[in-house]
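A short write-up of the structure that comes next.
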There are 2 protein chains.
Amino acid sequence: MGSGRPTIRDVAARAGVSKSLVSLALQDSPRVAASTREVIRQAADDLGYRPNANARSLGASRSRTIGVFVLDLHNPIYADMLDGVQAEARRNDYRTIVVLGGQDRRAERAELEKLMEFRVEGLIALGHRLPLGAHDAISQACPAVLVGAEPRSQPHVTSVSTDDLNGAALAVDHLADLGHERIVHVTGGSSGVAHKRERGYVSAMVRRNLKHRVRCVVGGFTDDDGYRGTMEALRSRSRPTALFVANDFAAMGALAAASDSGLSVPGDLSIVGFDGARLTGLRFIDLTTVAQPLQEMGAIAASRLCAALESEDEQPPRRIHVAPQLVVRNSTAPPRS
Amino acid sequence: MGSGRPTIRDVAARAGVSKSLVSLALQDSPRVAASTREVIRQAADDLGYRPNANARSLGASRSRTIGVFVLDLHNPIYADMLDGVQAEARRNDYRTIVVLGGQDRRAERAELEKLMEFRVEGLIALGHRLPLGAHDAISQACPAVLVGAEPRSQPHVTSVSTDDLNGAALAVDHLADLGHERIVHVTGGSSGVAHKRERGYVSAMVRRNLKHRVRCVVGGFTDDDGYRGTMEALRSRSRPTALFVANDFAAMGALAAASDSGLSVPGDLSIVGFDGARLTGLRFIDLTTVAQPLQEMGAIAASRLCAALESEDEQPPRRIHVAPQLVVRNSTAPPRS
DNA sequence: CTGAAAGCGCTTACAG
DNA sequence: CTGAAAGCGCTTACAG
């Protein structure tokens with residue numbers, strides 16, 4: 001196929017002009033007469049002409065394409081981020097190519113190579129870490145922005161992440177305002193994001209004069225992790241009345257642990273998650289959570305990246321923080337008096 | 001950027017051979033001497049050479065790329081399908097470009113145009129319908145396969161879908177085997193897939209001599225739809241003891257409706273979903289469901305498409321059906337005696 | 001087994 | 001405002 005499709009040359013012939021003019025006209029260049037432009041447009045339409053993106057990239061020596069690496073499509077928060085990225089990229093007249101990570105390292109590298117072979121001009125990584133091998137990509141002068149975390153060791157990468165400290169504070173304040181004191185944190189494990197949420201919890205507890213109540217149990221970011229962490233928290237003699245769980249998946253595990261322990265939520269136990277995946281809004285889940293502005297984060301990343309690509313001079317890398325928002329649903333209530 | 005990167009010409013110079021030979025060697029052509037090949041490989045490595053996919057597509061007049069249209073990334077079943085597609089495409093040495101639908105029609109068309117501009121050689125659509133405008137793409141001799149439904153009006157499109165009739169039968173048999181008789185179906189609405197599941201339910205009920213118990217209430221494929229449908233089903237004087245719900249999202253709505261009605265699941269009410277999204281395996285959900293072999297479906301689609309692209313002669317379109325499998329979890333049990 | 005040449009479909013100075 | 005020409009980085013007959 002391919003050779004059957006009309007090319008710029010066919011359009012030129014039909015419009016009775018040169019190829020160059022067709023190219024210019026289709027780019028909306030002001031250098032072509034309005035009337036000519038119309039004739040060319042018409043000819044292109046008549047022929048059902050579609051530009052060949054590959055040829056265009058090659059000819060222009062730039063692809064106007066940005067690569068989007070999605071760490072784990074099974075976590076729906078990335079779908080939201082992706083929506084934001086796509087919309088903003090389109091607005092800036094950039095194409096996107098999305099590839100998936102998360103499986104084995106080999107596949108992940110291969111996907112990244114693919115991006116490089118397409119000659120993407122920039123990279124957006126959605127996830128809590130840069131994809132393996134991204135370092136190469138970046139050092140080869142392809143600007144990158146990480147959405148969802150701050151890279152520890154890549155100061156030259158721009159990042160867009162939620163203010164996790166403040167997010168944790170929102171959760172603690174909400175629970176404390178309801179009258180809870182025995183608020184336990186089921187942590188997210190040892191990642192950077194998890195640590196921040198943990199630190200945020202601790203300082204908020206201190207600020208609320210609940211320093212003596214501070215207690216963390218180790219969890220993680222999966223359903224299982226949340227389940228186990230919660231079970232451990234509940235084993236304590238002075239049972240918590242509320243849990244702040246590191247993310248929504250783990251919070252769903254906490255919900256299950258509560259139920260398995262014969263505790264009703266929010267009657268016996270209040271639970272707050274983190275992330276604001278749409279899923280948590282399902283009636284059956286109905287989880288109070290600290291929502292990240294996911295679409296906005298994607299949009300900001302795309303808009304930054306496009307700006308960096310447009311301007312010639314190097315943009316300084318930045319750590320951009322967005323504000324989380326507490327979404328109160330049915331998993332939290334005042335403690336039983 | 002771009003011009004800074006090494007090209008085939010740089011590799012040729014370093015290896016002391018012609019560009020043609022480099023091209024051939026990198027394609028693993030048997031026409032180049034093993035020793036030469038090694039020299040060339042080495043040179044390429046030394047330079048950190050990465051082929052330019054755009055140039056390659058243009059030069060070869062084919063892209064070795066297939067476009068994947070994903071209807072709704074927020075439904076996690078598509079992530080599973082996508083895994084299958086990607087793995088199989090890679091195995092066949094095809095690249096994939098994935099684009100997202102589901103928002104407004106304009107955006108959907110634009111995404112499809114993008115695919116065409118990349119000159120994808122084939123199209124895989126993940127969802128219950130072909131994307132708007134796909135008809136153009138297909139008529140332009142780009143073979144397409146639809147995963148997740150059978151297109152009603154496009155006989156020239158190959159499709160891979162679950163045997164919904166049989167799937168519904170699995171659900172009914174499971175419930176009937178447990179001893180249920182008042183099994184109500186909360187339908188998926190008016191789509192083709194929904195109709196098949198409904199028909200499957202009816203014939204299975206008849207086969208089990210439960211014809212007099214057949215009862216459908218209108219639902220849909222969302223959480224809300226399932227909630228409303230279930231509420232209606234429960235309002236009846238002879239309350240059902242079991243529900244077969246059209247998909248997993250709706251089944252989660254059913255779970256919520258049961259809970260809001262003070263009914264325990266599976267004690268007072270058994271619920272079976274359909275799709276087998278990973279989500280349903282979460283402890284807190286723990287839903288018995290008719291699982292589609294999602295990854296396999298994606299893989300089959302990719303493998304068919306690649307085969308069609310390799311062989312010169314037109315492949316006849318096919319309706320491929322895969323077998324669903326019942327996953328028994330904790331939302332079903334014998335009825336209270 | 002290897003090389004010189006033409007071509008893929010665009011874009012972009014450069015002239016006019 | 002318009003056209004002829006060179007070039008983007010590959011691949012692919014065609015010779016040898």
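Going by the structure tokens order, chains are called A, B, ..., each with residues numbered from 1, while ligands are numbered from 1 in the order shown.
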
Shell around stretch 94-98 of chain A at 6 Å using only C-alpha atoms (C1' of nucleotides), local window under 2 positions removed, as an mmCIF file with C-alpha atoms, in the first residue's frame:
```
data_model
loop_
_atom_site.group_PDB
_atom_site.id
_atom_site.type_symbol
_atom_site.label_atom_id
_atom_site.label_comp_id
_atom_site.auth_asym_id
_atom_site.auth_seq_id
_atom_site.Cartn_x
_atom_site.Cartn_y
_atom_site.Cartn_z
ATOM 1 C CA ARG A 64 6.471 17.360 16.261
ATOM 2 C CA THR A 65 5.854 14.239 18.274
ATOM 3 C CA ILE A 66 6.224 13.644 21.947
ATOM 4 C CA GLY A 67 6.583 10.232 23.478
ATOM 5 C CA VAL A 68 4.478 9.300 26.448
ATOM 6 C CA PHE A 69 5.601 6.477 28.638
ATOM 7 C CA ALA A 89 -0.455 18.155 23.178
ATOM 8 C CA ARG A 90 -3.138 18.407 20.549
ATOM 9 C CA ASN A 92 -0.117 22.700 20.862
#
```

Residue hits in chain C, query chain A, radius 9 Å, only C-alpha atoms (C1' of nucleotides), as a short mmCIF file (atom, residue, chain, number, x, y, z; two decimals) with N, CA and C atoms (P, O5', C5', C4', C3', O3' and C1' of nucleotides), in the first residue's frame:
```cif
data_model
loop_
_atom_site.label_atom_id
_atom_site.label_comp_id
_atom_site.auth_asym_id
_atom_site.auth_seq_id
_atom_site.Cartn_x
_atom_site.Cartn_y
_atom_site.Cartn_z
P DC C 8 9.27 7.56 -6.08
"O5'" DC C 8 8.76 7.33 -4.60
"C5'" DC C 8 8.81 6.06 -3.96
"C4'" DC C 8 8.78 6.29 -2.48
"C3'" DC C 8 8.06 7.58 -2.12
"O3'" DC C 8 6.71 7.28 -1.80
"C1'" DC C 8 10.15 7.34 -0.90
P DG C 9 5.53 8.16 -2.50
"O5'" DG C 9 5.46 9.43 -1.55
"C5'" DG C 9 5.21 9.22 -0.17
"C4'" DG C 9 5.47 10.51 0.55
"C3'" DG C 9 4.75 11.72 -0.02
"O3'" DG C 9 4.16 12.42 1.06
"C1'" DG C 9 7.03 12.18 0.19
P DC C 10 3.19 13.61 0.92
"O5'" DC C 10 3.84 14.48 2.05
"C5'" DC C 10 4.41 15.71 1.85
"C4'" DC C 10 5.59 15.82 2.78
"C3'" DC C 10 6.04 17.26 2.96
"O3'" DC C 10 5.59 17.72 4.22
"C1'" DC C 10 7.89 15.85 2.36
P DT C 11 5.53 19.28 4.45
"O5'" DT C 11 7.08 19.67 4.55
"C5'" DT C 11 7.83 19.27 5.67
"C4'" DT C 11 9.19 19.94 5.61
"C3'" DT C 11 9.14 21.46 5.66
"O3'" DT C 11 10.17 21.87 6.55
"C1'" DT C 11 10.31 20.77 3.72
P DT C 12 10.18 23.29 7.17
"O5'" DT C 12 11.48 23.90 6.52
"C5'" DT C 12 12.58 23.06 6.23
"C4'" DT C 12 13.53 23.78 5.31
"C3'" DT C 12 13.45 25.30 5.36
"O3'" DT C 12 14.76 25.80 5.24
"C1'" DT C 12 13.12 24.58 3.16
#
```

| said: Run DSSP on the backbone and tell me which residues of stretch 14-84 of chain B come out as helix (DSSP H, G or I); list them as a count of residues only. | reply: 40

| field | Minimum-distance residue to chain B, chosen among A:Lys196, A:Arg336, A:Arg213, A:Arg228 (using only C-alpha atoms) | value |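 Checking each candidate against chain B, we get A:Arg228 as the closest.
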
| Spatial neighbours of A:Thr230, 7 Å, only C-alpha atoms (C1' of nucleotides), chain gap at least 6 places, as a list in words | Val186, Ala254 and Ala257 of chain A

How would the residues just picked look written out with C-alpha atoms as an mmCIF file, in the first residue's frame?
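Saved result, result_24.cif, follows:
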```cif
data_model
loop_
_atom_site.group_PDB
_atom_site.id
_atom_site.type_symbol
_atom_site.label_atom_id
_atom_site.label_comp_id
_atom_site.auth_asym_id
_atom_site.auth_seq_id
_atom_site.Cartn_x
_atom_site.Cartn_y
_atom_site.Cartn_z
ATOM 1 C CA VAL A 186 -0.705 2.565 56.624
ATOM 2 C CA ALA A 254 -8.089 -1.690 54.047
ATOM 3 C CA ALA A 257 -9.599 -5.910 56.064
#
```
